[in-house]
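Listing of work.cif, mmCIF, C-alpha atoms
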data_final
#
loop_
_atom_site.label_atom_id
_atom_site.label_comp_id
_atom_site.auth_asym_id
_atom_site.auth_seq_id
_atom_site.Cartn_x
_atom_site.Cartn_y
_atom_site.Cartn_z
CA MET A 1372 -8.68 -8.26 -0.68
CA LYS A 1373 -9.79 -4.62 -0.49
CA LYS A 1374 -9.36 -2.67 -3.69
CA VAL A 1375 -6.25 -0.51 -3.38
CA ASP A 1376 -5.99 2.88 -5.07
CA ILE A 1377 -2.61 2.71 -6.79
CA ALA A 1378 -2.45 6.49 -7.28
CA SER A 1379 -2.99 7.20 -3.58
CA LEU A 1380 -0.54 4.42 -2.66
CA GLU A 1381 2.08 6.13 -4.83
CA LEU A 1382 1.32 9.44 -3.11
CA LEU A 1383 1.64 7.72 0.28
CA ILE A 1384 5.06 6.30 -0.62
CA GLU A 1385 6.15 9.70 -1.92
CA GLU A 1386 5.01 11.37 1.31
CA LEU A 1387 6.66 8.74 3.52
CA THR A 1388 10.02 9.23 1.80
CA LYS A 1389 10.09 13.00 2.31
CA GLU A 1390 12.52 14.45 4.83
CA LYS A 1391 9.59 15.93 6.79
CA PRO A 1392 6.46 13.95 5.89
CA ASN A 1393 3.03 15.49 6.50
CA GLN A 1394 1.39 13.17 9.04
CA SER A 1395 -2.15 14.36 8.31
CA GLN A 1396 -1.63 13.54 4.63
CA ILE A 1397 -0.17 10.14 5.58
CA LYS A 1398 -3.15 9.44 7.82
CA LYS A 1399 -5.58 10.26 4.99
CA LEU A 1400 -3.68 8.16 2.43
CA MET A 1401 -3.34 5.19 4.78
CA ALA A 1402 -7.10 5.25 5.38
CA ALA A 1403 -7.74 5.44 1.63
CA ASN A 1404 -5.81 2.18 1.25
CA GLY A 1405 -7.49 0.38 4.15
CA MET A 1406 -4.63 0.73 6.61
CA ASP A 1407 -4.91 1.80 10.24
CA TYR A 1408 -2.85 4.89 11.03
CA VAL A 1409 0.23 4.51 13.21
CA SER A 1410 2.48 7.44 14.09
CA ASP A 1411 5.80 5.56 13.88
CA PRO A 1412 7.43 6.15 10.44
CA ILE A 1413 9.07 2.71 10.43
CA GLN A 1414 5.72 1.02 11.07
CA GLN A 1415 4.10 3.18 8.41
CA MET A 1416 6.61 2.05 5.79
CA SER A 1417 6.34 -1.56 6.99
CA LEU A 1418 2.57 -1.46 6.51
CA VAL A 1419 2.97 -0.08 2.99
CA LEU A 1420 5.56 -2.72 2.10
CA ALA A 1421 3.34 -5.49 3.51
CA LEU A 1422 0.40 -4.21 1.45
CA MET A 1423 2.54 -4.09 -1.70
CA SER A 1424 3.76 -7.64 -1.04
CA LYS A 1425 0.19 -8.84 -0.59
CA MET A 1426 -0.86 -7.09 -3.82
CA THR A 1427 2.02 -8.67 -5.74
CA SER A 1428 1.18 -12.14 -4.44
CA HIS A 1429 -2.47 -11.65 -5.34
CA LEU A 1430 -1.59 -10.54 -8.88
CA ILE A 1431 0.75 -13.50 -9.38
CA GLU A 1432 -1.97 -15.92 -8.22
CA LYS A 1433 -4.48 -14.36 -10.62
CA LYS A 1434 -2.00 -14.60 -13.48
CA GLU A 1435 -1.23 -18.27 -12.70
CA LYS A 1436 -4.94 -19.18 -12.52
CA LYS A 1437 -5.54 -17.42 -15.81
CA ALA A 1438 -2.65 -19.34 -17.41
CA GLU A 1439 -4.10 -22.65 -16.14
CA LEU A 1440 -7.36 -21.92 -17.93
CA LEU A 1441 -5.63 -21.50 -21.28
#
Rewrite the structure of this file - the entire thing - as structure tokens.
Amino acid sequence: MKKVDIASLELLIEELTKEKPNQSQIKKLMAANGMDYVSDPIQQMSLVLALMSKMTSHLIEKKEKKAELL
């Protein structure tokens, strides 16, 4: 899994939830988090949510493996 920059992901979410999001900023932040740019706002948010879900699953797996070693 590509390392995700949490700070830029937070900025991306903040930008996506604005009334008039800056698409050039969104494009830059999506690229910084390994996502391909799409112009549709619904798809943009879906990609972010999918990435967050993947990150959460990855962290849970790491935590469970660590607990097994104890």
request  = Would you mind listing what lies within 10 Å of A:Ala1403 as JSON, numbers by chain, with all atoms listed in the file counted and same-chain residues fewer than 6 positions away left out?
outcome  = {"A": [1374, 1375, 1376, 1379, 1380, 1383, 1397]}
inquiry  = Quick check on the file I pasted: which residues fall under the PyMOL selection byres ((chain A and resi 1418) around 12)? Write them as a PyMOL selection string.
reply    = chain A and resi 1380+1383-1384+1387+1397+1401-1402+1404-1417+1419-1425
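The space between atom CA of A:Pro1392 and atom CA of A:Met1426 spans 24.3 Å.
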Taking all listed atoms of stretch 1426-1439 of chain A, build the axis-aligned box, pad each of the six sides by 4 Å, then write its centre and edge lengths in Å to one decimal as AutoDock Vina command-line options.
--center_x -1.8 --center_y -14.9 --center_z -10.6 --size_x 15.6 --size_y 23.6 --size_z 21.6
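One distance worth recording is that between atom CA of A:Glu1381 and atom CA of A:Gln1396, which is 12.6 Å.
Taking atom CA of A:Glu1386 as the reference point, atom CA of A:Leu1400 is found at 9.3 Å.
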